[in-house]
Amino acid sequence: MSLANPHPPFVDGIQKLAATIGGLGLAFLLLAWAGVDQINRPHWLWTSLVMMSLGTMTYAWRQYKDKPAGIKNDGIWFRSLTARGLLGWAVGLLVTFFYICLYWFPALLGLNADGSNSGLVAFFDPLCMIIKGQPASQWFMYGVLYTLAILIFGLKFIWKYQHNKYQIFRTISVMFFQLVFAFLIPEILEGLNASYSTQWFDRDFKNMWPLDYDFFDKWHIDNMSAAGLFGWVVFGLSLLMIFVISPWLTYKYGKRWYCSWVCGCGGLAETAGDSWRHLSDKSLGAWKIERWIIHLVLVFSFVMTIAIIYGYLGDDSTQYYITRTSFTGIIVIILAILGALAFYFIGKQGERQQLSKIALSFVAAIGVILLINLLSGRGNAFFVDNYTLRSWYGFLIGAAFSGVVGVGFYPLMGSRVWCRFGCPMAAILGMQQRFFSKFRITTNGGQCISCGNCSTYCEMGIDVRSYAQKGQNIVRASCVGCGICAAVCPRGVLRLENGSIDIKERTTAMRTIHVPASTVGVLPKG
């Protein structure tokens, strides 16, 4: 930028035309939301979806078709949309309002459970009739828009990183899993057997506990049982995913196998949220808040699940394979084993502060469970109605955090707000990755020029540069293995690799002085 040309040509004529086409498609969607009757026709739905897709893909194609390999974030700090400007705030507020309506006020979107839909939900009735032969719900509408966003912005992402095979592979992976496992299969099955199918597979085959927080609810177990052999097969496979397959894949590949290759939340963050990835806070304070919040959410999820299972079990061994007493014993044993592992792997390296936090959490949980069994004798596990506890989790974590804040705050806090601060699945996989995985990002400190690109574009708020300056492998629980830090490095300092598990090396890394991202070019002491 210069005084002679204060308006550099970031876009060309074709991009402006593409933006106009995509904007008109979005306008038709907003008109349907506003309740304009003339728009609620089948051809307007297809027109809107095609125009939004065509406009976005054409714009992205022109943006990246002649770009050489390497960093492609020109002007990102000068645009109102991507630098927390007025346009960014407007988009954030609109998306936040949409999620509030989706979760708590679906009537504002046009949902009518007792009659014909109207507004935005009715706009998707024709497509829903084709797929499953019934009027749309707000969740079908949301599924279409969510999947479309991942597909069209996924193509944009592929064009942006067309010279990086890893980025292409993982983007195609999340596009496939979202389209097939999260949208088409659940919706088609619902249409084939609408009497109970919406209840037992929870609308997303690739979700698992604790991300699928109602998996162990009684109604969910009962409806899987009612589905017959297929329901029990799905139940068994889900348990294998939780306790066997997921830990094994994390051991082999780190948490990236799920967070960057499969998960729909991560898929949306990587594709539609890519333009805001640089807005994640890299400060030491944000890191401390992140570690507290995400593990508190995990504890909340664990406690809520125990309460739900405890609530529908009984003490009659002739009616229950697992009674409340035996279930309590199982939980106490599991917690004791986890506590012992924490003492062995963390306490062995002398990290008493970290150890005390983990140990106190386990001891508190064990003590509460024992008090419940000794003193109450009631059906409530934690002196609070079990399903009240479940509703608190569903409202605070399942809706407000993961949806409203997790997506609506993309333009303000970066694209992985939910994954970084709230996702219990990311917390579990992160702990496995931190201590029991072969995955790490290796660094060549001698080649690092302290440009800061790696830290800037890390969506998880990791100050990657501070590790690279010291030539230290990056083994962090929060790292989702997206590989963008390596992709934007101009010197090839960073590499995503699998190797041997060195517990001493990993725990030593936790004690390394953290250098805030603001200290560009300043080498850490020690």
# chains A, B, ... in the order shown; residues from 1 in each chain; ligands from 1

call {"tool": "closest_atom_pairs", "arguments": {"of": "range 145-186 of chain A", "to": "range 467-491 of chain A", "cutoff": "12 Å", "atoms": "only C-alpha atoms", "output": "tab-separated table"}}
result
residue	atom	partner	partner_atom	distance
A:Phe157	CA	A:Ile484	CA	11.4
A:Lys160	CA	A:Ala487	CA	10.9
A:Tyr161	CA	A:Ala487	CA	8.1
A:Gln162	CA	A:Ala487	CA	10.9
A:His163	CA	A:Ala487	CA	9.4
A:Asn164	CA	A:Ala487	CA	7.2
A:Lys165	CA	A:Ala487	CA	10.3
A:Tyr166	CA	A:Gly483	CA	7.8
A:Gln167	CA	A:Gly483	CA	7.4
A:Ile168	CA	A:Cys482	CA	11.1
A:Phe169	CA	A:Cys482	CA	11.0
A:Arg170	CA	A:Cys482	CA	8.3
A:Thr171	CA	A:Cys482	CA	9.8
A:Val174	CA	A:Cys482	CA	11.8

call {"tool": "write_last_selection", "arguments": {"atoms": "C-alpha atoms", "output": "PDB file, in the first residue's frame"}}
result
ATOM      1  CA  PHE A 157      -9.013 -24.482   1.133  1.00  0.00           C
ATOM      2  CA  LYS A 160      -5.295 -22.282  -1.342  1.00  0.00           C
ATOM      3  CA  TYR A 161      -2.985 -25.157  -0.315  1.00  0.00           C
ATOM      4  CA  GLN A 162      -2.914 -26.947  -3.671  1.00  0.00           C
ATOM      5  CA  HIS A 163       0.850 -27.576  -3.399  1.00  0.00           C
ATOM      6  CA  ASN A 164       0.559 -29.321  -0.018  1.00  0.00           C
ATOM      7  CA  LYS A 165      -0.564 -32.959  -0.274  1.00  0.00           C
ATOM      8  CA  TYR A 166      -1.254 -33.289   3.454  1.00  0.00           C
ATOM      9  CA  GLN A 167      -3.667 -30.349   3.440  1.00  0.00           C
ATOM     10  CA  ILE A 168      -5.469 -31.711   0.390  1.00  0.00           C
ATOM     11  CA  PHE A 169      -5.809 -35.182   1.933  1.00  0.00           C
ATOM     12  CA  ARG A 170      -7.191 -34.077   5.283  1.00  0.00           C
ATOM     13  CA  THR A 171      -9.593 -31.578   3.692  1.00  0.00           C
ATOM     14  CA  VAL A 174     -13.420 -34.023   6.486  1.00  0.00           C
TER      15      VAL A 174
END

call {"tool": "residues_around", "arguments": {"residues": "Gly461 in chain A", "least_positions_apart": "6", "cutoff": "8 Å", "atoms": "only C-alpha atoms", "output": "list of chain:residue names"}}
result
A:Ser280, A:Asp281, A:Lys282, A:Ser283, A:Trp287, A:Ser455

call {"tool": "residues_around", "arguments": {"residues": "range 251-268 of chain A", "least_positions_apart": "2", "cutoff": "6 Å", "atoms": "only C-alpha atoms", "output": "list of chain:residue names"}}
result
A:Ile150, A:Arg170, A:Ser173, A:Val174, A:Phe177, A:Gln178, A:Trp248, A:Leu249, A:Glu270, A:Thr271, A:Ala272, A:Leu429, A:Gln433, A:Phe436, A:Ser437, A:Lys438, A:Phe439, A:Val480, A:Gly481, A:Cys482

call {"tool": "write_last_selection", "arguments": {"atoms": "C-alpha atoms", "output": "PDB file, in the first residue's frame"}}
result
ATOM      1  CA  ILE A 150     -17.702 -27.464   4.501  1.00  0.00           C
ATOM      2  CA  ARG A 170      -7.191 -34.077   5.283  1.00  0.00           C
ATOM      3  CA  SER A 173     -11.341 -36.477   4.423  1.00  0.00           C
ATOM      4  CA  VAL A 174     -13.420 -34.023   6.486  1.00  0.00           C
ATOM      5  CA  PHE A 177     -17.081 -37.696   6.556  1.00  0.00           C
ATOM      6  CA  GLN A 178     -19.366 -34.686   6.867  1.00  0.00           C
ATOM      7  CA  TRP A 248      -5.227 -46.846  19.267  1.00  0.00           C
ATOM      8  CA  LEU A 249      -5.570 -44.289  16.441  1.00  0.00           C
ATOM      9  CA  GLU A 270     -10.676 -25.587   8.971  1.00  0.00           C
ATOM     10  CA  THR A 271     -12.754 -24.701   5.907  1.00  0.00           C
ATOM     11  CA  ALA A 272     -15.273 -21.930   6.569  1.00  0.00           C
ATOM     12  CA  LEU A 429      -7.571 -37.108  22.916  1.00  0.00           C
ATOM     13  CA  GLN A 433      -1.584 -37.488  22.637  1.00  0.00           C
ATOM     14  CA  PHE A 436       0.932 -41.906  24.847  1.00  0.00           C
ATOM     15  CA  SER A 437       1.175 -40.927  21.177  1.00  0.00           C
ATOM     16  CA  LYS A 438       3.891 -41.235  18.562  1.00  0.00           C
ATOM     17  CA  PHE A 439       2.884 -37.953  16.970  1.00  0.00           C
ATOM     18  CA  VAL A 480      -4.746 -30.866  16.362  1.00  0.00           C
ATOM     19  CA  GLY A 481      -2.052 -31.680  13.806  1.00  0.00           C
ATOM     20  CA  CYS A 482      -3.538 -29.466  11.106  1.00  0.00           C
TER      21      CYS A 482
END

call {"tool": "closest_residue", "arguments": {"among": "A:Leu396, A:Ala122, A:Ala336, A:Ile308", "to": "Asn40 in chain A", "atoms": "only C-alpha atoms"}}
result
A:Ala122

call {"tool": "closest_residue", "arguments": {"among": "A:Val180, A:Ile242, A:Ile39, A:Val464", "to": "Met208 in chain A", "atoms": "only C-alpha atoms"}}
result
A:Ile242

call {"tool": "closest_residue", "arguments": {"among": "A:Val121, A:Leu49, A:Ile293, A:Val234", "to": "Ala32 in chain A", "atoms": "only C-alpha atoms"}}
result
A:Val121

call {"tool": "closest_atom_pairs", "arguments": {"of": "range 204-305 of chain A", "to": "range 64-87 of chain A", "cutoff": "12 Å", "atoms": "only C-alpha atoms", "output": "CSV"}}
result
residue,atom,partner,partner_atom,distance
A:Gly273,CA,A:Thr82,CA,10.2
A:Asp274,CA,A:Thr82,CA,9.9
A:Ser275,CA,A:Thr82,CA,6.3
A:Trp276,CA,A:Thr82,CA,5.8
A:Arg277,CA,A:Thr82,CA,9.2
A:His278,CA,A:Thr82,CA,8.8
A:Leu279,CA,A:Ala83,CA,7.8
A:Ser280,CA,A:Ala83,CA,11.5

call {"tool": "select_by_dssp", "arguments": {"residues": "range 230-470 of chain A", "states": "alpha helix (DSSP H)", "output": "JSON, numbers by chain"}}
result
{"A": [230, 231, 232, 233, 234, 235, 236, 237, 238, 239, 240, 246, 247, 248, 249, 250, 251, 252, 253, 256, 257, 258, 259, 264, 265, 266, 267, 268, 269, 270, 271, 284, 285, 286, 287, 288, 289, 290, 291, 292, 293, 294, 295, 296, 297, 298, 299, 300, 301, 302, 303, 304, 305, 306, 307, 308, 309, 310, 311, 312, 324, 325, 326, 327, 328, 329, 330, 331, 332, 333, 334, 335, 336, 337, 338, 339, 340, 341, 342, 343, 344, 345, 352, 353, 354, 355, 356, 357, 358, 359, 360, 361, 362, 363, 364, 365, 366, 367, 368, 369, 370, 371, 386, 387, 388, 389, 390, 391, 392, 393, 406, 407, 408, 410, 411, 412, 413, 417, 418, 419, 420, 421, 424, 425, 426, 427, 428, 429, 430, 431, 432, 433, 434, 435, 436, 453, 454, 455, 456, 464, 465, 466, 467, 468, 469]}

call {"tool": "closest_residue", "arguments": {"among": "A:Trp33, A:Asn207, A:Asp12, A:Thr58", "to": "Met241 in chain A", "atoms": "only C-alpha atoms"}}
result
A:Asn207

call {"tool": "atom_distance", "arguments": {"atom1": "CA of Arg434 in chain A", "atom2": "CA of Ser402 in chain A"}}
result
23.4 Å

call {"tool": "atom_distance", "arguments": {"atom1": "CA of Gln63 in chain A", "atom2": "CA of Gln15 in chain A"}}
result
7.7 Å
